[in-house]
file start_34.txt (compact mmCIF, C-alpha atoms)
# COMPACT_ATOMS: atom_id res chain seq x y z
CA MET G 1 18.95 6.86 -24.95
CA LEU G 2 19.96 3.57 -23.36
CA GLN G 3 18.83 4.75 -19.92
CA SER G 4 15.38 5.71 -21.20
CA ARG G 5 15.00 2.30 -22.85
CA ALA G 6 15.96 0.59 -19.59
CA LEU G 7 13.41 2.71 -17.73
CA VAL G 8 10.69 1.85 -20.25
CA ILE G 9 11.51 -1.85 -19.97
CA ALA G 10 11.46 -1.64 -16.17
CA LEU G 11 8.06 0.06 -16.21
CA ILE G 12 6.66 -2.50 -18.65
CA LEU G 13 7.88 -5.32 -16.44
CA LEU G 14 6.45 -3.61 -13.38
CA LEU G 15 3.03 -3.08 -14.91
CA SER G 16 2.88 -6.54 -16.44
CA THR G 17 3.48 -8.20 -13.08
CA THR G 18 1.28 -5.98 -10.90
CA LEU G 19 -1.87 -5.28 -12.90
CA PRO G 20 -3.19 -8.85 -13.16
CA GLU G 21 -2.68 -9.37 -9.44
CA VAL G 22 -4.72 -6.40 -8.24
CA GLN G 23 -7.33 -7.49 -5.73
CA SER G 24 -9.97 -5.24 -4.25
CA LYS G 25 -11.28 -5.49 -0.72
CA SER G 26 -14.41 -4.10 0.76
CA ILE G 27 -13.93 -1.25 3.21
CA PHE G 28 -16.25 -3.09 5.58
CA GLU G 29 -13.93 -6.08 6.01
CA LYS G 30 -12.51 -6.50 9.46
CA ASP G 31 -8.83 -6.77 8.53
CA ARG G 32 -8.33 -3.37 6.92
CA ARG G 33 -5.18 -2.67 8.91
CA ASP G 34 -2.96 -3.77 6.07
CA LEU G 35 -2.67 -0.26 4.66
CA LEU G 36 1.07 -0.69 4.23
CA ALA G 37 0.75 -3.97 2.36
CA ILE G 38 -0.10 -2.22 -0.90
CA PRO G 39 2.88 0.20 -0.92
CA GLU G 40 5.17 -2.63 0.20
CA ALA G 41 3.94 -4.85 -2.64
CA ILE G 42 4.39 -2.07 -5.18
CA ALA G 43 7.92 -1.40 -3.93
CA SER G 44 8.71 -5.10 -4.06
CA TYR G 45 7.47 -5.47 -7.64
CA PHE G 46 9.34 -2.33 -8.67
CA TYR G 47 12.55 -3.62 -7.06
CA GLU G 48 12.20 -7.00 -8.79
CA ALA G 49 11.57 -5.35 -12.17
CA VAL G 50 14.56 -3.02 -11.78
CA ASN G 51 16.71 -5.89 -10.55
CA LYS G 52 15.98 -7.82 -13.75
CA VAL G 53 17.11 -4.85 -15.84
CA SER G 54 20.00 -3.50 -13.74
CA PRO G 55 21.23 -5.12 -10.53
CA LYS G 56 23.45 -2.10 -9.84
CA ILE G 57 20.49 0.29 -9.75
CA SER G 58 18.47 -2.15 -7.66
CA GLN G 59 21.29 -2.27 -5.09
CA PHE G 60 21.22 1.55 -4.98
CA LEU G 61 17.45 1.44 -4.40
CA LEU G 62 17.89 -1.11 -1.64
CA ASP G 63 20.57 1.00 0.07
CA THR G 64 18.32 4.07 -0.20
CA VAL G 65 15.33 2.29 1.32
CA GLN G 66 17.44 1.04 4.22
CA SER G 67 18.81 4.49 5.05
CA PRO G 68 17.91 5.81 8.53
CA SER G 69 15.82 8.71 7.24
CA VAL G 70 13.65 6.48 5.05
CA VAL G 71 13.27 3.90 7.83
CA ALA G 72 12.17 6.64 10.25
CA ALA G 73 9.67 8.00 7.73
CA ARG G 74 8.24 4.51 7.13
CA GLN G 75 7.88 3.92 10.87
CA ARG G 76 6.08 7.23 11.32
CA PHE G 77 3.82 6.47 8.38
CA ALA G 78 3.03 3.02 9.81
CA LYS G 79 2.17 4.54 13.19
CA GLU G 80 -0.12 7.17 11.66
CA ALA G 81 -1.72 4.66 9.29
CA ALA G 82 -2.57 2.39 12.21
CA ARG G 83 -4.08 5.33 14.10
CA VAL G 84 -6.16 6.42 11.11
CA SER G 85 -7.27 2.85 10.49
CA ILE G 86 -8.55 2.51 14.05
CA MET G 87 -10.38 5.83 13.79
CA PHE G 88 -11.91 4.71 10.48
CA GLU G 89 -13.12 1.46 12.03
CA GLN G 90 -14.75 3.41 14.85
CA LEU G 91 -16.43 5.72 12.34
CA ILE G 92 -17.79 2.78 10.33
CA GLU G 93 -19.21 1.22 13.51
CA LYS G 94 -20.92 4.51 14.43
CA ILE G 95 -22.39 4.82 10.92
CA LYS G 96 -23.66 1.23 11.07
CA ASN G 97 -25.18 1.88 14.48
CA LEU G 98 -26.93 5.03 13.24
CA TRP G 99 -28.15 3.22 10.14
CA TYR G 100 -29.64 0.36 12.10
CA THR G 101 -31.20 2.49 14.84
CA ARG G 102 -32.36 5.65 13.04
CA VAL G 103 -33.01 4.56 9.46
CA LEU G 104 -34.07 0.94 9.79
CA GLY G 105 -35.49 1.31 13.29
CA TYR G 106 -33.95 -1.84 14.82

call {"tool": "encode", "arguments": {"input": "start_34.txt", "output": "structure tokens"}}
result
Amino acid sequence: MLQSRALVIALILLLSTTLPEVQSKSIFEKDRRDLLAIPEAIASYFYEAVNKVSPKISQFLLDTVQSPSVVAARQRFAKEAARVSIMFEQLIEKIKNLWYTRVLGY
């Protein structure tokens, strides 16, 4: 019962700190390569919320995140996210080019 209350409090703290700070960006902005900024911010807010409730659990989370398998997975995800981001930028440029040449006739 006490653990479920702590979890509810942690989730309330997490949501109360993250929801007002949500900012949206256009997909046409040039600096879209910050795909990992959102998961990193969520993890940071979650860690801070858990740390307020239970420092012991937050230390466990920190040790888990710094384990070699998680670090390797994050590096692979970062590499693939960068590759997908570049491909997406190229696709947007091709769509813009087609729009301007074929549809608008520039």

call {"tool": "atom_distance", "arguments": {"input": "start_34.txt", "atom1": "CA of Ala73 (chain G)", "atom2": "CA of Glu89 (chain G)"}}
result
24.1 Å

call {"tool": "closest_residue", "arguments": {"input": "start_34.txt", "among": "G:Lys94, G:Lys79, G:Arg74, G:Lys52", "to": "Pro39 (chain G)", "atoms": "only C-alpha atoms"}}
result
G:Arg74

call {"tool": "residues_around", "arguments": {"input": "start_34.txt", "residues": "Val65 (chain G)", "least_positions_apart": "6", "cutoff": "12 Å", "atoms": "only C-alpha atoms", "output": "PyMOL selection string"}}
result
chain G and resi 40+43-44+47+58-59+71-74
